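Pasting coords_0.cif here (mmCIF, C-alpha atoms):
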```cif
data_structure
#
loop_
_atom_site.group_PDB
_atom_site.id
_atom_site.type_symbol
_atom_site.label_atom_id
_atom_site.label_comp_id
_atom_site.auth_asym_id
_atom_site.auth_seq_id
_atom_site.Cartn_x
_atom_site.Cartn_y
_atom_site.Cartn_z
ATOM 1 C CA MET A 1 -45.606 -58.678 37.534
ATOM 2 C CA THR A 2 -43.414 -57.881 34.541
ATOM 3 C CA LEU A 3 -41.804 -54.528 33.800
ATOM 4 C CA SER A 4 -44.408 -53.794 31.106
ATOM 5 C CA GLU A 5 -47.174 -54.657 33.611
ATOM 6 C CA TYR A 6 -45.572 -52.291 36.100
ATOM 7 C CA THR A 7 -45.188 -49.269 33.785
ATOM 8 C CA ASP A 8 -46.178 -48.483 30.226
ATOM 9 C CA VAL A 9 -47.154 -45.282 28.444
ATOM 10 C CA GLY A 10 -50.894 -45.090 27.852
ATOM 11 C CA ASN A 11 -51.677 -48.476 29.416
ATOM 12 C CA GLU A 12 -54.292 -48.001 32.118
ATOM 13 C CA SER A 13 -53.910 -51.538 33.439
ATOM 14 C CA THR A 14 -50.338 -51.099 34.691
ATOM 15 C CA PHE A 15 -49.557 -51.119 38.389
ATOM 16 C CA CYS A 16 -48.226 -47.548 38.325
ATOM 17 C CA TYR A 17 -51.279 -46.217 36.506
ATOM 18 C CA GLN A 18 -53.652 -47.953 38.913
ATOM 19 C CA VAL A 19 -51.801 -46.684 41.986
ATOM 20 C CA GLU A 20 -51.717 -43.119 40.675
ATOM 21 C CA TRP A 21 -54.987 -42.774 38.729
ATOM 22 C CA GLY A 22 -57.127 -45.885 39.150
ATOM 23 C CA THR A 23 -57.334 -45.371 42.902
ATOM 24 C CA GLU A 24 -57.340 -41.579 42.862
ATOM 25 C CA LYS A 25 -60.526 -41.420 44.946
ATOM 26 C CA LEU A 26 -58.495 -42.972 47.754
ATOM 27 C CA GLY A 27 -55.955 -40.181 47.575
ATOM 28 C CA SER A 28 -54.151 -38.726 44.650
ATOM 29 C CA ILE A 29 -50.388 -38.796 44.332
ATOM 30 C CA SER A 30 -50.336 -36.982 41.018
ATOM 31 C CA GLY A 31 -48.344 -33.794 40.908
ATOM 32 C CA VAL A 32 -45.208 -35.667 41.928
ATOM 33 C CA SER A 33 -43.003 -36.801 39.029
ATOM 34 C CA LEU A 34 -42.798 -40.406 37.844
ATOM 35 C CA VAL A 35 -39.561 -40.654 39.843
ATOM 36 C CA LYS A 36 -41.845 -41.756 42.707
ATOM 37 C CA PHE A 37 -42.146 -45.185 41.041
ATOM 38 C CA GLY A 38 -38.369 -45.737 40.771
ATOM 39 C CA ILE A 39 -38.535 -46.871 37.139
ATOM 40 C CA TRP A 40 -40.913 -45.723 34.427
ATOM 41 C CA LYS A 41 -41.451 -45.987 30.700
ATOM 42 C CA ARG A 42 -40.808 -42.647 29.049
ATOM 43 C CA LYS A 43 -42.888 -40.924 26.457
ATOM 44 C CA ALA A 44 -41.057 -40.856 23.128
ATOM 45 C CA ASN A 45 -37.989 -38.616 23.029
ATOM 46 C CA LYS A 46 -38.215 -37.566 26.698
ATOM 47 C CA ILE A 47 -34.697 -37.155 28.067
ATOM 48 C CA TYR A 48 -33.771 -36.525 31.706
ATOM 49 C CA LYS A 49 -30.649 -34.529 32.470
ATOM 50 C CA ARG A 50 -30.353 -35.319 36.184
ATOM 51 C CA ALA A 51 -27.284 -37.357 37.068
ATOM 52 C CA SER A 52 -29.340 -39.521 39.419
ATOM 53 C CA ILE A 53 -31.567 -40.738 36.554
ATOM 54 C CA LEU A 54 -30.335 -43.347 34.100
ATOM 55 C CA GLN A 55 -32.112 -44.327 30.918
ATOM 56 C CA ASP A 56 -32.059 -46.675 27.980
ATOM 57 C CA ALA A 57 -34.056 -46.457 24.751
ATOM 58 C CA THR A 58 -37.353 -47.125 26.587
ATOM 59 C CA TYR A 59 -37.126 -46.667 30.354
ATOM 60 C CA SER A 60 -35.768 -44.201 32.893
ATOM 61 C CA TRP A 61 -34.897 -45.138 36.480
ATOM 62 C CA LEU A 62 -33.141 -43.913 39.566
ATOM 63 C CA GLU A 63 -29.456 -44.765 39.455
ATOM 64 C CA LYS A 64 -29.482 -45.994 43.060
ATOM 65 C CA TYR A 65 -31.506 -49.039 41.985
ATOM 66 C CA GLY A 66 -29.024 -50.345 39.407
ATOM 67 C CA PRO A 67 -27.250 -49.921 36.081
ATOM 68 C CA ASP A 68 -29.886 -51.287 33.656
ATOM 69 C CA ALA A 69 -33.698 -51.417 33.460
ATOM 70 C CA ASP A 70 -34.021 -55.026 34.644
ATOM 71 C CA THR A 71 -32.005 -54.602 37.852
ATOM 72 C CA PRO A 72 -33.992 -51.622 39.197
ATOM 73 C CA PHE A 73 -37.293 -53.243 38.309
ATOM 74 C CA GLU A 74 -36.456 -56.414 40.226
ATOM 75 C CA LYS A 75 -35.394 -54.315 43.236
ATOM 76 C CA ILE A 76 -38.502 -52.118 43.111
ATOM 77 C CA ARG A 77 -40.804 -55.115 42.644
ATOM 78 C CA SER A 78 -39.300 -56.724 45.754
ATOM 79 C CA LEU A 79 -39.824 -53.471 47.699
ATOM 80 C CA ILE A 80 -43.475 -53.345 46.618
ATOM 81 C CA VAL A 81 -44.021 -56.959 47.645
ATOM 82 C CA GLU A 82 -42.493 -56.138 51.029
ATOM 83 C CA ILE A 83 -44.762 -53.083 51.446
ATOM 84 C CA VAL A 84 -47.848 -55.129 50.551
ATOM 85 C CA GLN A 85 -46.918 -57.936 52.946
ATOM 86 C CA LEU A 86 -46.176 -55.530 55.792
ATOM 87 C CA ALA A 87 -49.441 -53.650 55.199
ATOM 88 C CA GLN A 88 -51.472 -56.848 55.099
ATOM 89 C CA ARG A 89 -49.892 -57.970 58.391
ATOM 90 C CA GLY A 90 -50.402 -54.542 59.939
ATOM 91 C CA ASP A 91 -46.651 -54.087 60.438
ATOM 92 C CA PHE A 92 -46.675 -50.477 59.243
ATOM 93 C CA ALA A 93 -43.797 -49.228 61.405
ATOM 94 C CA ARG A 94 -41.265 -50.989 59.161
ATOM 95 C CA ILE A 95 -42.496 -49.272 55.984
ATOM 96 C CA ASP A 96 -40.603 -46.035 56.723
ATOM 97 C CA ALA A 97 -37.273 -47.818 56.189
ATOM 98 C CA ILE A 98 -38.183 -49.108 52.717
ATOM 99 C CA ASP A 99 -36.225 -47.294 50.016
ATOM 100 C CA LEU A 100 -39.082 -46.167 47.773
ATOM 101 C CA HIS A 101 -40.504 -42.658 47.394
ATOM 102 C CA SER A 102 -42.677 -41.916 50.444
ATOM 103 C CA MET A 103 -45.769 -40.909 48.447
ATOM 104 C CA ALA A 104 -45.744 -44.149 46.441
ATOM 105 C CA LYS A 105 -44.977 -46.475 49.327
ATOM 106 C CA TRP A 106 -47.614 -45.012 51.667
ATOM 107 C CA LYS A 107 -50.248 -45.073 48.915
ATOM 108 C CA ILE A 108 -49.448 -48.741 48.247
ATOM 109 C CA ALA A 109 -49.493 -49.432 51.996
ATOM 110 C CA PHE A 110 -52.898 -47.778 52.341
ATOM 111 C CA LEU A 111 -54.333 -49.772 49.435
ATOM 112 C CA TYR A 112 -53.415 -53.024 51.223
ATOM 113 C CA SER A 113 -54.056 -51.804 54.784
ATOM 114 C CA GLU A 114 -57.756 -52.643 55.112
ATOM 115 C CA TYR A 115 -58.231 -48.991 56.169
ATOM 116 C CA ARG A 116 -55.921 -49.321 59.192
ATOM 117 C CA ILE A 117 -53.939 -46.217 58.224
ATOM 118 C CA LEU A 118 -54.948 -42.838 56.836
ATOM 119 C CA PRO A 119 -55.102 -42.070 53.118
ATOM 120 C CA LEU A 120 -52.496 -39.362 53.681
ATOM 121 C CA TYR A 121 -49.275 -39.975 51.796
ATOM 122 C CA SER A 122 -47.224 -36.888 52.592
ATOM 123 C CA ARG A 123 -45.320 -36.715 55.851
ATOM 124 C CA GLY A 124 -45.662 -32.933 55.678
ATOM 125 C CA ALA A 125 -49.452 -33.213 55.616
ATOM 126 C CA LEU A 126 -49.380 -35.673 58.527
ATOM 127 C CA VAL A 127 -47.175 -33.314 60.550
ATOM 128 C CA ALA A 128 -49.425 -30.326 59.772
ATOM 129 C CA ILE A 129 -52.487 -32.277 60.904
ATOM 130 C CA SER A 130 -50.671 -33.458 64.035
ATOM 131 C CA GLN A 131 -49.750 -29.900 64.915
ATOM 132 C CA GLY A 132 -53.322 -28.789 64.303
ATOM 133 C CA LEU A 133 -54.574 -31.494 66.663
ATOM 134 C CA GLY A 134 -51.963 -30.662 69.308
ATOM 135 C CA ILE A 135 -50.057 -33.915 68.803
ATOM 136 C CA ASN A 136 -46.327 -33.618 69.469
ATOM 137 C CA VAL A 137 -44.213 -35.107 66.668
ATOM 138 C CA ASN A 138 -40.638 -34.492 65.629
ATOM 139 C CA SER A 139 -38.288 -35.566 62.846
ATOM 140 C CA ASP A 140 -37.616 -38.878 64.621
ATOM 141 C CA THR A 141 -41.286 -39.828 64.902
ATOM 142 C CA ASN A 142 -42.052 -42.810 62.675
ATOM 143 C CA THR A 143 -44.668 -42.039 60.002
ATOM 144 C CA PHE A 144 -46.875 -44.887 61.191
ATOM 145 C CA ALA A 145 -46.723 -43.520 64.735
ATOM 146 C CA ILE A 146 -48.098 -40.255 63.361
ATOM 147 C CA HIS A 147 -50.908 -42.165 61.628
ATOM 148 C CA THR A 148 -51.696 -43.938 64.896
ATOM 149 C CA ARG A 149 -51.736 -40.767 66.993
ATOM 150 C CA ILE A 150 -54.029 -39.033 64.512
ATOM 151 C CA LEU A 151 -56.363 -42.024 64.258
ATOM 152 C CA GLU A 152 -56.675 -42.068 68.056
ATOM 153 C CA ARG A 153 -58.427 -38.684 67.706
ATOM 154 C CA ASN A 154 -61.257 -40.171 65.659
ATOM 155 C CA ASP A 155 -63.760 -39.780 68.507
ATOM 156 C CA LEU A 156 -66.758 -39.996 66.213
ATOM 157 C CA ASN A 157 -65.578 -43.338 64.825
ATOM 158 C CA GLU A 158 -66.200 -42.065 61.309
ATOM 159 C CA GLY A 159 -64.693 -43.908 58.365
ATOM 160 C CA VAL A 160 -60.975 -43.404 57.914
ATOM 161 C CA VAL A 161 -61.418 -41.793 54.485
ATOM 162 C CA GLN A 162 -63.997 -39.279 55.695
ATOM 163 C CA PHE A 163 -61.939 -38.590 58.834
ATOM 164 C CA ALA A 164 -58.784 -37.943 56.778
ATOM 165 C CA PHE A 165 -60.679 -35.750 54.304
ATOM 166 C CA GLY A 166 -61.963 -33.558 57.127
ATOM 167 C CA LEU A 167 -58.522 -33.231 58.719
ATOM 168 C CA TRP A 168 -56.913 -32.397 55.396
ATOM 169 C CA HIS A 169 -59.260 -29.504 54.783
ATOM 170 C CA LYS A 170 -59.069 -28.266 58.339
ATOM 171 C CA PHE A 171 -55.308 -28.336 58.914
ATOM 172 C CA VAL A 172 -53.294 -28.595 55.701
ATOM 173 C CA GLU A 173 -52.459 -25.208 54.288
ATOM 174 C CA ASP A 174 -53.635 -24.487 50.754
ATOM 175 C CA ALA A 175 -55.446 -27.833 50.461
ATOM 176 C CA GLN A 176 -57.104 -26.949 47.157
ATOM 177 C CA SER A 177 -53.909 -26.319 45.211
ATOM 178 C CA ASN A 178 -51.934 -29.160 46.813
ATOM 179 C CA SER A 179 -54.700 -31.743 46.728
ATOM 180 C CA TYR A 180 -52.490 -34.647 45.716
ATOM 181 C CA TYR A 181 -51.924 -35.894 49.265
ATOM 182 C CA VAL A 182 -55.321 -37.106 50.354
ATOM 183 C CA VAL A 183 -58.783 -38.192 49.435
ATOM 184 C CA GLY A 184 -61.338 -35.594 48.460
ATOM 185 C CA SER A 185 -59.215 -33.450 46.251
ATOM 186 C CA LYS A 186 -61.830 -33.317 43.500
ATOM 187 C CA TYR A 187 -65.199 -33.234 45.222
ATOM 188 C CA TRP A 188 -68.020 -31.079 43.889
ATOM 189 C CA SER A 189 -70.158 -28.861 46.057
ATOM 190 C CA GLU A 190 -73.910 -28.674 45.631
ATOM 191 C CA GLU A 191 -73.294 -25.588 43.509
ATOM 192 C CA GLU A 192 -70.917 -27.684 41.324
ATOM 193 C CA ASN A 193 -67.818 -25.719 42.380
#
```
Would it be possible to restate this file's structure as structure tokens?
Amino acid sequence: MTLSEYTDVGNESTFCYQVEWGTEKLGSISGVSLVKFGIWKRKANKIYKRASILQDATYSWLEKYGPDADTPFEKIRSLIVEIVQLAQRGDFARIDAIDLHSMAKWKIAFLYSEYRILPLYSRGALVAISQGLGINVNSDTNTFAIHTRILERNDLNEGVVQFAFGLWHKFVEDAQSNSYYVVGSKYWSEEEN
């Protein structure tokens, strides 16, 4: 994957677009800035004033990944490959330590997980659901461990997407206005509401 295949303004075939919008029915991560992807192509004349964001004439990126657009992209691409490989092997516990925004990395992990984790990408949502189910978690609990404990409660053996959708609406406060964490954020009722 090249940098222009990873991110490009208006190109729906890029990796970032597909993760955020092309797979939205498997959980939306919109509503969180492009910072979640580590490096992104800016719209014309967009300037960031945060010290942690560097930019050149075309791209912006998080300073922690390197001094120029090529260095961060190579780092981020290697992190994505690692996430994909770990998800395909089912080694989800190691994903927490990967230095990529949590929403992006857990969405990527889910997409390559063969439905072995929940389509919930926010740790806050996972914690809220855990609390609602009476599952004890704390700040040291690995995110995958939270996924596992919640999935153990799927007594009806319903599909992971349907199970997650039900939990989201039952336990996550203000699910309608913060619908970017999980599947089902844009369903229509029979009355088309």
Practice task
Excluding Ala51 in chain A and any residue of its chain fewer than 2 positions from it, enumerate the residues within 12 Å of it, using only C-alpha atoms, and give them as a list of chain:residue names.
Solution key: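 Near Ala51 in chain A, the qualifying residues are A:Ile47, A:Tyr48, A:Lys49, A:Ile53, A:Leu54, A:Gln55, A:Ser60, A:Trp61, A:Leu62, A:Glu63, A:Lys64.
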Evaluate the PyMOL selection byres ((chain A and resi 75-85) around 12) on the structure here and hand back the selected residues as a PDB file with C-alpha atoms, in the frame of the given file.
```
ATOM      1  CA  MET A   1     -45.606 -58.678  37.534  1.00  0.00           C
ATOM      2  CA  THR A   2     -43.414 -57.881  34.541  1.00  0.00           C
ATOM      3  CA  LEU A   3     -41.804 -54.528  33.800  1.00  0.00           C
ATOM      4  CA  GLU A   5     -47.174 -54.657  33.611  1.00  0.00           C
ATOM      5  CA  TYR A   6     -45.572 -52.291  36.100  1.00  0.00           C
ATOM      6  CA  THR A   7     -45.188 -49.269  33.785  1.00  0.00           C
ATOM      7  CA  PHE A  15     -49.557 -51.119  38.389  1.00  0.00           C
ATOM      8  CA  CYS A  16     -48.226 -47.548  38.325  1.00  0.00           C
ATOM      9  CA  VAL A  19     -51.801 -46.684  41.986  1.00  0.00           C
ATOM     10  CA  VAL A  35     -39.561 -40.654  39.843  1.00  0.00           C
ATOM     11  CA  LYS A  36     -41.845 -41.756  42.707  1.00  0.00           C
ATOM     12  CA  PHE A  37     -42.146 -45.185  41.041  1.00  0.00           C
ATOM     13  CA  GLY A  38     -38.369 -45.737  40.771  1.00  0.00           C
ATOM     14  CA  ILE A  39     -38.535 -46.871  37.139  1.00  0.00           C
ATOM     15  CA  TRP A  40     -40.913 -45.723  34.427  1.00  0.00           C
ATOM     16  CA  TRP A  61     -34.897 -45.138  36.480  1.00  0.00           C
ATOM     17  CA  LEU A  62     -33.141 -43.913  39.566  1.00  0.00           C
ATOM     18  CA  GLU A  63     -29.456 -44.765  39.455  1.00  0.00           C
ATOM     19  CA  LYS A  64     -29.482 -45.994  43.060  1.00  0.00           C
ATOM     20  CA  TYR A  65     -31.506 -49.039  41.985  1.00  0.00           C
ATOM     21  CA  GLY A  66     -29.024 -50.345  39.407  1.00  0.00           C
ATOM     22  CA  PRO A  67     -27.250 -49.921  36.081  1.00  0.00           C
ATOM     23  CA  ASP A  68     -29.886 -51.287  33.656  1.00  0.00           C
ATOM     24  CA  ALA A  69     -33.698 -51.417  33.460  1.00  0.00           C
ATOM     25  CA  ASP A  70     -34.021 -55.026  34.644  1.00  0.00           C
ATOM     26  CA  THR A  71     -32.005 -54.602  37.852  1.00  0.00           C
ATOM     27  CA  PRO A  72     -33.992 -51.622  39.197  1.00  0.00           C
ATOM     28  CA  PHE A  73     -37.293 -53.243  38.309  1.00  0.00           C
ATOM     29  CA  GLU A  74     -36.456 -56.414  40.226  1.00  0.00           C
ATOM     30  CA  LEU A  86     -46.176 -55.530  55.792  1.00  0.00           C
ATOM     31  CA  ALA A  87     -49.441 -53.650  55.199  1.00  0.00           C
ATOM     32  CA  GLN A  88     -51.472 -56.848  55.099  1.00  0.00           C
ATOM     33  CA  ARG A  89     -49.892 -57.970  58.391  1.00  0.00           C
ATOM     34  CA  GLY A  90     -50.402 -54.542  59.939  1.00  0.00           C
ATOM     35  CA  ASP A  91     -46.651 -54.087  60.438  1.00  0.00           C
ATOM     36  CA  PHE A  92     -46.675 -50.477  59.243  1.00  0.00           C
ATOM     37  CA  ALA A  93     -43.797 -49.228  61.405  1.00  0.00           C
ATOM     38  CA  ARG A  94     -41.265 -50.989  59.161  1.00  0.00           C
ATOM     39  CA  ILE A  95     -42.496 -49.272  55.984  1.00  0.00           C
ATOM     40  CA  ASP A  96     -40.603 -46.035  56.723  1.00  0.00           C
ATOM     41  CA  ALA A  97     -37.273 -47.818  56.189  1.00  0.00           C
ATOM     42  CA  ILE A  98     -38.183 -49.108  52.717  1.00  0.00           C
ATOM     43  CA  ASP A  99     -36.225 -47.294  50.016  1.00  0.00           C
ATOM     44  CA  LEU A 100     -39.082 -46.167  47.773  1.00  0.00           C
ATOM     45  CA  HIS A 101     -40.504 -42.658  47.394  1.00  0.00           C
ATOM     46  CA  SER A 102     -42.677 -41.916  50.444  1.00  0.00           C
ATOM     47  CA  ALA A 104     -45.744 -44.149  46.441  1.00  0.00           C
ATOM     48  CA  LYS A 105     -44.977 -46.475  49.327  1.00  0.00           C
ATOM     49  CA  TRP A 106     -47.614 -45.012  51.667  1.00  0.00           C
ATOM     50  CA  LYS A 107     -50.248 -45.073  48.915  1.00  0.00           C
ATOM     51  CA  ILE A 108     -49.448 -48.741  48.247  1.00  0.00           C
ATOM     52  CA  ALA A 109     -49.493 -49.432  51.996  1.00  0.00           C
ATOM     53  CA  PHE A 110     -52.898 -47.778  52.341  1.00  0.00           C
ATOM     54  CA  LEU A 111     -54.333 -49.772  49.435  1.00  0.00           C
ATOM     55  CA  TYR A 112     -53.415 -53.024  51.223  1.00  0.00           C
ATOM     56  CA  SER A 113     -54.056 -51.804  54.784  1.00  0.00           C
ATOM     57  CA  GLU A 114     -57.756 -52.643  55.112  1.00  0.00           C
TER      58      GLU A 114
END
```
Problem - Atom-to-atom span, CA of Tyr121 in chain A and CA of Ile29 in chain A, Å - result: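 That distance, rounded to one decimal, is 7.6 Å.
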Problem - Distance in Å - CA of Leu167 in chain A versus CA of Val127 in chain A - result: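 CA of Leu167 in chain A sits 11.5 Å away from CA of Val127 in chain A.
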Problem - Pick from A:Ala164, A:Val9, A:Leu151, A:Val137, whichever lies nearest to Pro119 in chain A using all atoms listed in the file - result: A:Ala164
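Taking all atoms listed in the file, the non-local environment of Ile129 in chain A within 9 Å (same-chain residues fewer than 4 positions away omitted) comprises Gly124, Ala125, Leu133, Gly134, Ile135, Ile150, Leu167, Trp168, Lys170, Phe171 and Val172 of chain A.
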